[in-house]
$ cat start.pdb   # PDB, C-alpha atoms, pLDDT in the B column
MODEL        1
ATOM      1  CA  MET K   1       0.190 141.343 111.172  1.00 50.00           C
ATOM      2  CA  PHE K   2       2.172 143.728 108.981  1.00 59.00           C
ATOM      3  CA  ASN K   3       5.003 144.438 111.400  1.00 67.00           C
ATOM      4  CA  ASP K   4       7.709 144.056 108.788  1.00 75.00           C
ATOM      5  CA  ILE K   5       6.295 146.652 106.368  1.00 78.00           C
ATOM      6  CA  GLY K   6       7.992 150.036 106.689  1.00 84.00           C
ATOM      7  CA  TRP K   7       6.800 153.484 105.742  1.00 86.00           C
ATOM      8  CA  ALA K   8       8.647 153.378 102.424  1.00 90.00           C
ATOM      9  CA  GLU K   9       6.733 150.257 101.374  1.00 90.00           C
ATOM     10  CA  VAL K  10       3.394 151.770 102.458  1.00 85.00           C
ATOM     11  CA  LEU K  11       4.132 154.930 100.478  1.00 89.00           C
ATOM     12  CA  THR K  12       5.073 152.850  97.427  1.00 91.00           C
ATOM     13  CA  ILE K  13       1.812 150.884  97.658  1.00 86.00           C
ATOM     14  CA  VAL K  14      -0.230 154.094  97.956  1.00 83.00           C
ATOM     15  CA  VAL K  15       1.515 155.650  94.939  1.00 88.00           C
ATOM     16  CA  LEU K  16       1.014 152.477  92.878  1.00 89.00           C
ATOM     17  CA  GLY K  17      -2.626 152.372  93.980  1.00 84.00           C
ATOM     18  CA  MET K  18      -3.092 155.966  92.827  1.00 85.00           C
ATOM     19  CA  LEU K  19      -1.557 155.175  89.457  1.00 89.00           C
ATOM     20  CA  VAL K  20      -3.423 151.898  88.868  1.00 89.00           C
ATOM     21  CA  LEU K  21      -6.839 152.641  90.393  1.00 85.00           C
ATOM     22  CA  GLY K  22      -6.947 156.392  90.191  1.00 85.00           C
ATOM     23  CA  PRO K  23      -7.968 158.834  92.912  1.00 82.00           C
ATOM     24  CA  GLU K  24     -11.719 158.155  92.532  1.00 87.00           C
ATOM     25  CA  ARG K  25     -11.574 154.352  93.062  1.00 88.00           C
ATOM     26  CA  LEU K  26      -8.726 154.245  95.598  1.00 84.00           C
ATOM     27  CA  PRO K  27     -10.827 154.997  98.762  1.00 87.00           C
ATOM     28  CA  LYS K  28     -13.282 152.195  97.932  1.00 90.00           C
ATOM     29  CA  ALA K  29     -10.413 149.762  97.305  1.00 88.00           C
ATOM     30  CA  ILE K  30      -8.850 150.677 100.691  1.00 87.00           C
ATOM     31  CA  GLN K  31     -12.223 150.082 102.400  1.00 93.00           C
ATOM     32  CA  ASP K  32     -12.598 146.695 100.703  1.00 93.00           C
ATOM     33  CA  ILE K  33      -9.071 145.648 101.679  1.00 90.00           C
ATOM     34  CA  SER K  34      -9.517 146.744 105.292  1.00 93.00           C
ATOM     35  CA  ARG K  35     -12.902 144.946 105.475  1.00 96.00           C
ATOM     36  CA  THR K  36     -11.268 141.751 104.131  1.00 96.00           C
ATOM     37  CA  ILE K  37      -8.413 141.965 106.648  1.00 94.00           C
ATOM     38  CA  ARG K  38     -10.933 142.501 109.459  1.00 96.00           C
ATOM     39  CA  LYS K  39     -12.932 139.414 108.376  1.00 97.00           C
ATOM     40  CA  ILE K  40      -9.765 137.307 108.207  1.00 96.00           C
ATOM     41  CA  ARG K  41      -8.837 138.410 111.743  1.00 94.00           C
ATOM     42  CA  GLU K  42     -12.318 137.588 113.040  1.00 96.00           C
ATOM     43  CA  PHE K  43     -12.186 134.179 111.357  1.00 95.00           C
ATOM     44  CA  SER K  44      -8.762 133.504 112.849  1.00 90.00           C
ATOM     45  CA  ASP K  45      -9.863 134.545 116.345  1.00 89.00           C
ATOM     46  CA  SER K  46     -12.992 132.388 116.180  1.00 92.00           C
ATOM     47  CA  ALA K  47     -10.945 129.417 114.939  1.00 89.00           C
ATOM     48  CA  LYS K  48      -8.513 129.862 117.869  1.00 85.00           C
ATOM     49  CA  GLU K  49     -11.411 129.983 120.342  1.00 86.00           C
ATOM     50  CA  ASP K  50     -12.961 126.855 118.799  1.00 88.00           C
ATOM     51  CA  ILE K  51      -9.661 124.999 119.113  1.00 85.00           C
ATOM     52  CA  ARG K  52      -9.269 126.099 122.734  1.00 82.00           C
ATOM     53  CA  THR K  53     -12.776 124.937 123.643  1.00 84.00           C
ATOM     54  CA  GLU K  54     -12.245 121.604 121.862  1.00 85.00           C
ATOM     55  CA  LEU K  55      -8.931 120.978 123.638  1.00 81.00           C
ATOM     56  CA  GLY K  56     -10.563 121.325 127.024  1.00 81.00           C
ATOM     57  CA  PRO K  57      -9.658 122.966 130.325  1.00 80.00           C
ATOM     58  CA  GLU K  58      -6.193 121.378 130.579  1.00 79.00           C
ATOM     59  CA  PHE K  59      -5.062 123.511 127.627  1.00 75.00           C
ATOM     60  CA  LYS K  60      -6.557 126.802 128.828  1.00 74.00           C
ATOM     61  CA  ASP K  61      -3.066 128.389 128.997  1.00 75.00           C
ATOM     62  CA  PHE K  62      -2.185 127.231 125.487  1.00 75.00           C
ATOM     63  CA  GLU K  63      -0.905 130.039 123.273  1.00 78.00           C
ATOM     64  CA  PHE K  64      -0.652 129.642 119.512  1.00 77.00           C
ATOM     65  CA  GLU K  65       2.461 131.813 119.509  1.00 77.00           C
ATOM     66  CA  ASP K  66       4.204 128.975 121.379  1.00 73.00           C
ATOM     67  CA  LEU K  67       4.042 126.927 118.187  1.00 77.00           C
ATOM     68  CA  ASN K  68       6.714 129.217 116.740  1.00 81.00           C
ATOM     69  CA  PRO K  69      10.036 127.517 117.629  1.00 82.00           C
ATOM     70  CA  LYS K  70      11.751 130.839 118.347  1.00 80.00           C
ATOM     71  CA  THR K  71       9.063 131.886 120.824  1.00 78.00           C
ATOM     72  CA  TYR K  72       8.981 128.448 122.423  1.00 75.00           C
ATOM     73  CA  LEU K  73      12.748 128.395 122.988  1.00 74.00           C
ATOM     74  CA  ARG K  74      12.777 131.943 124.333  1.00 74.00           C
ATOM     75  CA  LYS K  75      10.008 131.048 126.770  1.00 74.00           C
ATOM     76  CA  GLN K  76      11.680 127.821 127.893  1.00 70.00           C
ATOM     77  CA  LEU K  77      15.125 129.373 128.301  1.00 70.00           C
ATOM     78  CA  GLY K  78      13.692 132.426 130.025  1.00 66.00           C
ATOM     79  CA  ASN K  79      12.167 130.367 132.791  1.00 64.00           C
ATOM     80  CA  ASP K  80      14.906 129.389 135.199  1.00 60.00           C
ATOM     81  CA  ASP K  81      13.862 125.809 135.977  1.00 60.00           C
ATOM     82  CA  LEU K  82      17.106 124.530 134.464  1.00 59.00           C
ATOM     83  CA  GLY K  83      19.335 126.948 136.406  1.00 64.00           C
ATOM     84  CA  LEU K  84      20.658 128.563 133.229  1.00 64.00           C
ATOM     85  CA  GLN K  85      20.637 132.028 134.753  1.00 67.00           C
ATOM     86  CA  GLU K  86      23.032 130.882 137.475  1.00 72.00           C
ATOM     87  CA  ILE K  87      25.353 129.363 134.875  1.00 72.00           C
ATOM     88  CA  ARG K  88      25.207 132.545 132.778  1.00 71.00           C
ATOM     89  CA  ASN K  89      26.023 134.698 135.797  1.00 74.00           C
ATOM     90  CA  SER K  90      28.861 132.476 137.025  1.00 77.00           C
ATOM     91  CA  PHE K  91      30.741 132.463 133.716  1.00 76.00           C
ATOM     92  CA  ASP K  92      32.859 135.570 133.095  1.00 79.00           C
ATOM     93  CA  LEU K  93      34.333 135.433 129.597  1.00 79.00           C
ATOM     94  CA  ARG K  94      36.639 138.420 130.156  1.00 82.00           C
ATOM     95  CA  LYS K  95      38.179 136.805 133.227  1.00 83.00           C
ATOM     96  CA  GLU K  96      38.642 133.496 131.401  1.00 83.00           C
ATOM     97  CA  MET K  97      40.304 135.237 128.449  1.00 85.00           C
ATOM     98  CA  ALA K  98      42.574 137.230 130.781  1.00 85.00           C
ATOM     99  CA  GLU K  99      43.683 134.021 132.506  1.00 85.00           C
ATOM    100  CA  LEU K 100      44.327 132.402 129.141  1.00 85.00           C
ATOM    101  CA  SER K 101      46.353 135.347 127.886  1.00 84.00           C
ATOM    102  CA  ASP K 102      48.326 135.383 131.159  1.00 84.00           C
ATOM    103  CA  SER K 103      49.287 131.767 130.655  1.00 83.00           C
ATOM    104  CA  VAL K 104      50.227 132.444 127.017  1.00 83.00           C
ATOM    105  CA  ASN K 105      52.353 135.447 127.986  1.00 79.00           C
ATOM    106  CA  GLY K 106      54.076 133.481 130.712  1.00 75.00           C
ATOM    107  CA  TYR K 107      52.606 135.368 133.654  1.00 71.00           C
ATOM    108  CA  GLY K 108      51.488 132.106 135.245  1.00 61.00           C
ATOM    109  CA  ASP K 109      49.234 132.439 138.253  1.00 57.00           C
ATOM    110  CA  ARG K 110      49.881 136.030 139.235  1.00 52.00           C
ATOM    111  CA  SER K 111      46.818 136.970 141.200  1.00 53.00           C
ATOM    112  CA  ASP K 112      48.842 139.655 142.960  1.00 50.00           C
ATOM    113  CA  VAL K 113      49.092 141.644 139.694  1.00 50.00           C
ATOM    114  CA  ASP K 114      46.018 143.803 139.209  1.00 51.00           C
ATOM    115  CA  GLU K 115      44.316 144.188 135.844  1.00 51.00           C
ATOM    116  CA  GLY K 116      45.249 147.855 135.479  1.00 49.00           C
ATOM    117  CA  SER K 117      48.988 147.194 135.554  1.00 49.00           C
ATOM    118  CA  ARG K 118      48.968 145.212 132.319  1.00 48.00           C
ATOM    119  CA  THR K 119      48.811 147.227 129.100  1.00 47.00           C
ATOM    120  CA  THR K 120      47.845 146.740 125.487  1.00 46.00           C
ATOM    121  CA  PRO K 121      50.096 147.665 122.544  1.00 48.00           C
ATOM    122  CA  SER K 122      48.502 151.083 122.534  1.00 48.00           C
ATOM    123  CA  GLY K 123      49.300 151.498 126.219  1.00 49.00           C
ATOM    124  CA  ALA K 124      45.676 151.235 127.365  1.00 51.00           C
ATOM    125  CA  PRO K 125      45.368 149.544 130.758  1.00 57.00           C
ATOM    126  CA  GLY K 126      43.172 146.529 131.443  1.00 57.00           C
ATOM    127  CA  ARG K 127      44.168 144.047 128.754  1.00 59.00           C
ATOM    128  CA  PRO K 128      47.399 142.133 128.318  1.00 56.00           C
ATOM    129  CA  ASP K 129      49.478 142.496 125.185  1.00 60.00           C
ATOM    130  CA  LEU K 130      49.161 139.223 123.274  1.00 59.00           C
ATOM    131  CA  VAL K 131      51.462 140.165 120.399  1.00 63.00           C
ATOM    132  CA  LYS K 132      54.434 141.518 122.335  1.00 66.00           C
ATOM    133  CA  LYS K 133      57.438 139.224 122.169  1.00 69.00           C
ATOM    134  CA  ARG K 134      59.539 138.706 125.242  1.00 69.00           C
ATOM    135  CA  ASP K 135      63.153 139.851 124.864  1.00 77.00           C
ATOM    136  CA  LEU K 136      65.613 136.992 125.164  1.00 77.00           C
ATOM    137  CA  THR K 137      68.923 137.316 126.957  1.00 82.00           C
ATOM    138  CA  ALA K 138      72.147 136.293 125.239  1.00 83.00           C
ATOM    139  CA  GLY K 139      72.288 132.523 124.799  1.00 82.00           C
ATOM    140  CA  GLU K 140      68.688 131.954 125.912  1.00 81.00           C
ATOM    141  CA  ARG K 141      66.650 129.739 123.632  1.00 79.00           C
ATOM    142  CA  PRO K 142      63.141 130.770 122.598  1.00 75.00           C
ATOM    143  CA  PRO K 143      60.329 128.854 124.299  1.00 73.00           C
ATOM    144  CA  TYR K 144      59.335 125.669 122.515  1.00 72.00           C
ATOM    145  CA  ASP K 145      55.937 124.054 122.869  1.00 69.00           C
ATOM    146  CA  ILE K 146      55.909 120.435 121.727  1.00 71.00           C
ATOM    147  CA  ASP K 147      52.090 120.417 121.611  1.00 74.00           C
ATOM    148  CA  ALA K 148      52.002 123.384 119.243  1.00 73.00           C
ATOM    149  CA  THR K 149      54.012 121.638 116.530  1.00 62.00           C
TER
ENDMDL
END

$ encode --input "start.pdb" --output "structure tokens"
Amino acid sequence: MFNDIGWAEVLTIVVLGMLVLGPERLPKAIQDISRTIRKIREFSDSAKEDIRTELGPEFKDFEFEDLNPKTYLRKQLGNDDLGLQEIRNSFDLRKEMAELSDSVNGYGDRSDVDEGSRTTPSGAPGRPDLVKKRDLTAGERPPYDIDAT
């Protein structure tokens, strides 16, 4: 219920309670608050049970947490009826980006070149250098991409 309250907030509430109520009335106030929270929980649980019994046996697996859109989506995407896990596993973003950078750098389809032979500007193997400009020979024109203009 109070999952988002940290220790700093609890300490602040206790200190404020000491200042406002005083040390002699604070224990009774804590008992009253805890009794009220307990009654609210019992009321909530009984209301959930009443709703479940009224809905009937076809809704016996109904969970009220499923009404939260975040929980519902997580539950639906977690079950693999749609085959999403297979799609997630088949898509390798690093490989796709390496192929894209190869085509940008003019490597073309060079499957014979292993990943470790390409280097970054810092000289680290594994990633191609996307900012390095290719040296042109005398009289050679720079590459021109009509679609990029």

$ residues_around --input "start.pdb" --residues "Arg52 of chain K" --least-positions-apart "5" --cutoff "8 Å" --atoms "only C-alpha atoms" --output "ChimeraX atom specification"
/K:59-60,62

$ atom_distance --input "start.pdb" --atom1 "atom CA of Val14 of chain K" --atom2 "atom CA of Ile30 of chain K"
9.7 Å

$ atom_distance --input "start.pdb" --atom1 "atom CA of Leu136 of chain K" --atom2 "atom CA of Asn105 of chain K"
13.6 Å

$ resolve_selection --input "start.pdb" --expression "the PyMOL selection byres ((chain K and resi 64) around 12)" --output "ChimeraX atom specification"
/K:44-45,47-49,51-52,59-63,65-69,71-72

$ atom_distance --input "start.pdb" --atom1 "atom CA of Gln31 of chain K" --atom2 "atom CA of Gly17 of chain K"
13.0 Å

$ axis_aligned_box --input "start.pdb" --around "segment 66-77 of chain K" --padding-each-side "8 Å" --output "lines of an AutoDock Vina configuration file"
center_x = 9.6
center_y = 129.4
center_z = 122.5
size_x = 27.1
size_y = 21.0
size_z = 27.6
